[in-house]
Amino acid sequence: MTTRLGTLHYVIDHIYGALMHRTRITPPFFSRGWGGPKLELLERMAKQLFPMYLEGHNCPPPPLVRPVWRTVWETKTARLREGVFQTPCDDELTAALPPESRTARVAWLVPKDVPPQKMSCVVHLAGTGDHTYDRRLRLGGPLVKQNIATMVLESPFYGRRRPFLQRGARLLCVSDLLLLGRATIEESRSLIHWLDVEEGFGKMGVCGLSMGGVHASMVGSLHPTPVATLPFLSPHSAVVAFCEGILKYGTAWEALREELAAQKIAMTLDEVRERMRTVLSLTDVTRFPVPKNPEAVIFVAATDDGYIPKHSVLELQKAWPGSEVRWVRGGHVSSFILHNDEFRKAIVDGLDRVDWKESCELSLVRKLLKRSKSNKEEECNGTL
């Protein structure tokens, strides 16, 4: 019975994938090609970054953003606000973004009448096709009762940040996928930094489903302080989604081959797919640093996921010793719908594994006092 149910979940993923990616209901991903100079820029930036990480350098603190807020609604127990801010990406990266994507938008659901140092806040990142705040607010909403705030970032290229010529979530160029990821990471890190430095929250976390989970892993890896990192139904790399999973049927391989042919680069479709693997290897999270607190990393994966194979989840767990994988019964699509309680539990448990900021500061003070006392004792012994 269990095997049959698992097969059913897997089949549902493929039926959904066939409707979305093998029909002409929506255009394919990357119908306008690789992205030319933008792709070259992103590859160059990534190659500059990775040696720094591999040599053990600390990632610099993110720039501080200052969102401008308006209140959407409030009750006796919670308040929902929406904010806007200019993307904190550097000038070169900002210029590569479409104009519509340069202003970041965020929704923030916060418990009322609770001091921020006694609260946690989790930044929720968008999965593929998640253009609104609604689903992520429904996921985080019940956690208000546990003094956990929810911050929902609207991704570049999605929602009101979607370029005029883009239909739905179908990114026009391969470079758009890398731009979306890089800008999301920079914006998320800056928001977490703002929650820490400006608002004084006691704990922070980041989570996301599917593509949002990949970005959450990257944010947790690169942030300079420990944060709970909760990737849900996510692979270790975009290679898995676009070269191995169902999304490979929704990719404009012929258009990508034709662009190369116009540049006098003759490739078969298999060679084009191999080039895509090379480009998207820049998103391989196993190449990123281990997070500051790997015990606060909890992956939630589905047993019968037609989009994300099990080996992909296990590769990331292996790369980050101390992290945890939890399995839910279902496929990619059904788990989105049926397992919100398991996602919420992972959020709560991940935050429980992060020290309160106040506790960290007290611990540092104790260490300094202990060191000072030890130095004084040594001075006294020397005098005697």
# chains A, B, ... in the order shown; residues from 1 in each chain; ligands from 1
call {"tool": "closest_atom_pairs", "arguments": {"of": "region 99-188 of chain A", "to": "region 88-92 of chain A", "cutoff": "9 Å", "atoms": "only C-alpha atoms", "output": "JSON lines"}}
result
{"residue": "A:Arg102", "atom": "CA", "partner": "A:Cys89", "partner_atom": "CA", "distance": 8.9}
{"residue": "A:Arg182", "atom": "CA", "partner": "A:Cys89", "partner_atom": "CA", "distance": 8.5}
{"residue": "A:Ala183", "atom": "CA", "partner": "A:Cys89", "partner_atom": "CA", "distance": 6.4}
{"residue": "A:Glu186", "atom": "CA", "partner": "A:Cys89", "partner_atom": "CA", "distance": 6.3}
{"residue": "A:Glu187", "atom": "CA", "partner": "A:Pro88", "partner_atom": "CA", "distance": 6.2}
call {"tool": "residues_around", "arguments": {"residues": "Arg136 (chain A)", "least_positions_apart": "3", "cutoff": "12 Å", "atoms": "only C-alpha atoms", "output": "number ranges by chain"}}
result
A: 106-109, 122-127, 130-133, 139-143, 149-154, 207-209, 212, 336-337, 340, 343-344
call {"tool": "atom_distance", "arguments": {"atom1": "CA of Thr184 (chain A)", "atom2": "CA of His215 (chain A)"}}
result
7.2 Å
call {"tool": "select_by_dssp", "arguments": {"residues": "region 231-361 of chain A", "states": "strand (DSSP E or B)", "output": "list in words"}}
result
Pro231, Phe232, Thr251, Val297, Ile298, Phe299, Val300, Ala301, Ala302, Glu324, Val325, Arg326, Trp327 and Val328 of chain A
call {"tool": "closest_residue", "arguments": {"among": "A:Ser120, A:Ser175, A:Ser217, A:Thr225", "to": "Gly202 (chain A)", "atoms": "only C-alpha atoms"}}
result
A:Ser120
call {"tool": "atom_distance", "arguments": {"atom1": "CA of Arg329 (chain A)", "atom2": "CA of Ala301 (chain A)"}}
result
8.8 Å
call {"tool": "closest_residue", "arguments": {"among": "A:Gly168, A:Gly200, A:Pro63, A:Pro163", "to": "Pro116 (chain A)", "atoms": "only C-alpha atoms"}}
result
A:Gly200
call {"tool": "closest_residue", "arguments": {"among": "A:Gly330, A:Pro224, A:Pro235, A:Gly83", "to": "Lys292 (chain A)", "atoms": "only C-alpha atoms"}}
result
A:Pro224
call {"tool": "decode", "arguments": {"residues": "region 319-335 of chain A", "atoms": "all heavy atoms", "output": "compact mmCIF listing (two decimals), in the first residue's frame"}}
result
# COMPACT_ATOMS: atom_id res chain seq x y z
N ALA A 319 27.68 17.30 2.77
CA ALA A 319 28.60 18.45 2.70
C ALA A 319 28.54 19.30 3.95
O ALA A 319 29.50 20.03 4.25
CB ALA A 319 28.28 19.29 1.46
N TRP A 320 27.41 19.24 4.68
CA TRP A 320 27.23 20.05 5.89
C TRP A 320 27.04 19.12 7.09
O TRP A 320 25.92 18.91 7.56
CB TRP A 320 26.03 20.97 5.73
CG TRP A 320 26.25 22.10 4.76
CD1 TRP A 320 27.39 22.40 4.10
CD2 TRP A 320 25.28 23.08 4.37
NE1 TRP A 320 27.21 23.50 3.30
CE2 TRP A 320 25.93 23.95 3.46
CE3 TRP A 320 23.95 23.31 4.70
CZ2 TRP A 320 25.27 25.02 2.87
CZ3 TRP A 320 23.30 24.39 4.12
CH2 TRP A 320 23.97 25.24 3.20
N PRO A 321 28.10 18.53 7.62
CA PRO A 321 27.98 17.63 8.77
C PRO A 321 27.31 18.31 9.94
O PRO A 321 27.61 19.47 10.26
CB PRO A 321 29.44 17.28 9.10
CG PRO A 321 30.20 17.58 7.85
CD PRO A 321 29.50 18.71 7.19
N GLY A 322 26.39 17.61 10.57
CA GLY A 322 25.64 18.17 11.69
C GLY A 322 24.23 18.58 11.30
O GLY A 322 23.36 18.75 12.16
N SER A 323 23.99 18.76 9.99
CA SER A 323 22.65 19.11 9.53
C SER A 323 21.73 17.88 9.58
O SER A 323 22.20 16.74 9.69
CB SER A 323 22.70 19.67 8.11
OG SER A 323 23.22 18.70 7.20
N GLU A 324 20.44 18.13 9.49
CA GLU A 324 19.45 17.05 9.63
C GLU A 324 18.54 17.00 8.41
O GLU A 324 18.17 18.05 7.86
CB GLU A 324 18.60 17.28 10.89
CG GLU A 324 17.51 16.22 11.10
CD GLU A 324 16.57 16.54 12.25
OE1 GLU A 324 16.82 17.53 12.97
OE2 GLU A 324 15.57 15.80 12.42
N VAL A 325 18.18 15.80 7.97
CA VAL A 325 17.18 15.62 6.91
C VAL A 325 15.95 14.94 7.51
O VAL A 325 16.07 13.93 8.22
CB VAL A 325 17.71 14.75 5.75
CG1 VAL A 325 16.60 14.49 4.73
CG2 VAL A 325 18.88 15.42 5.06
N ARG A 326 14.78 15.53 7.25
CA ARG A 326 13.52 14.91 7.65
C ARG A 326 12.73 14.57 6.39
O ARG A 326 12.65 15.39 5.46
CB ARG A 326 12.70 15.88 8.52
CG ARG A 326 13.40 16.21 9.83
CD ARG A 326 12.59 17.16 10.67
NE ARG A 326 13.27 17.48 11.92
CZ ARG A 326 12.80 18.30 12.85
NH1 ARG A 326 11.62 18.90 12.67
NH2 ARG A 326 13.49 18.54 13.96
N TRP A 327 12.13 13.39 6.37
CA TRP A 327 11.40 12.94 5.19
C TRP A 327 9.89 12.98 5.44
O TRP A 327 9.43 12.60 6.51
CB TRP A 327 11.81 11.51 4.82
CG TRP A 327 13.27 11.41 4.43
CD1 TRP A 327 14.30 11.05 5.24
CD2 TRP A 327 13.83 11.71 3.16
NE1 TRP A 327 15.49 11.10 4.55
CE2 TRP A 327 15.23 11.49 3.26
CE3 TRP A 327 13.30 12.11 1.92
CZ2 TRP A 327 16.10 11.68 2.19
CZ3 TRP A 327 14.16 12.30 0.85
CH2 TRP A 327 15.54 12.09 0.99
N VAL A 328 9.15 13.48 4.44
CA VAL A 328 7.69 13.44 4.49
C VAL A 328 7.21 12.55 3.34
O VAL A 328 7.84 12.50 2.28
CB VAL A 328 7.07 14.85 4.38
CG1 VAL A 328 7.42 15.68 5.60
CG2 VAL A 328 7.50 15.57 3.10
N ARG A 329 6.10 11.86 3.57
CA ARG A 329 5.56 10.97 2.56
C ARG A 329 4.81 11.78 1.51
O ARG A 329 3.84 12.45 1.81
CB ARG A 329 4.61 9.95 3.21
CG ARG A 329 3.89 9.02 2.24
CD ARG A 329 4.83 8.09 1.52
NE ARG A 329 5.53 7.18 2.42
CZ ARG A 329 6.50 6.34 2.05
NH1 ARG A 329 6.89 6.32 0.78
NH2 ARG A 329 7.09 5.57 2.93
N GLY A 330 5.30 11.75 0.28
CA GLY A 330 4.60 12.48 -0.77
C GLY A 330 5.53 12.83 -1.92
O GLY A 330 6.72 12.48 -1.93
N GLY A 331 4.96 13.52 -2.91
CA GLY A 331 5.72 14.02 -4.03
C GLY A 331 5.97 15.51 -3.86
O GLY A 331 5.64 16.10 -2.82
N HIS A 332 6.52 16.13 -4.88
CA HIS A 332 6.84 17.55 -4.81
C HIS A 332 5.57 18.39 -4.69
O HIS A 332 5.43 19.22 -3.80
CB HIS A 332 7.63 17.96 -6.07
CG HIS A 332 8.42 19.21 -5.93
ND1 HIS A 332 9.60 19.27 -5.22
CD2 HIS A 332 8.21 20.47 -6.40
CE1 HIS A 332 10.09 20.50 -5.27
NE2 HIS A 332 9.26 21.25 -5.99
N VAL A 333 4.61 18.12 -5.57
CA VAL A 333 3.38 18.91 -5.60
C VAL A 333 2.51 18.63 -4.38
O VAL A 333 2.04 19.55 -3.70
CB VAL A 333 2.59 18.63 -6.91
CG1 VAL A 333 1.26 19.37 -6.90
CG2 VAL A 333 3.42 19.03 -8.12
N SER A 334 2.31 17.35 -4.05
CA SER A 334 1.43 17.01 -2.93
C SER A 334 2.01 17.48 -1.60
O SER A 334 1.27 17.90 -0.70
CB SER A 334 1.18 15.49 -2.88
OG SER A 334 2.38 14.77 -2.72
N SER A 335 3.33 17.47 -1.46
CA SER A 335 3.94 17.91 -0.20
C SER A 335 3.80 19.40 0.01
O SER A 335 3.70 19.87 1.15
CB SER A 335 5.42 17.50 -0.16
OG SER A 335 5.56 16.09 -0.16
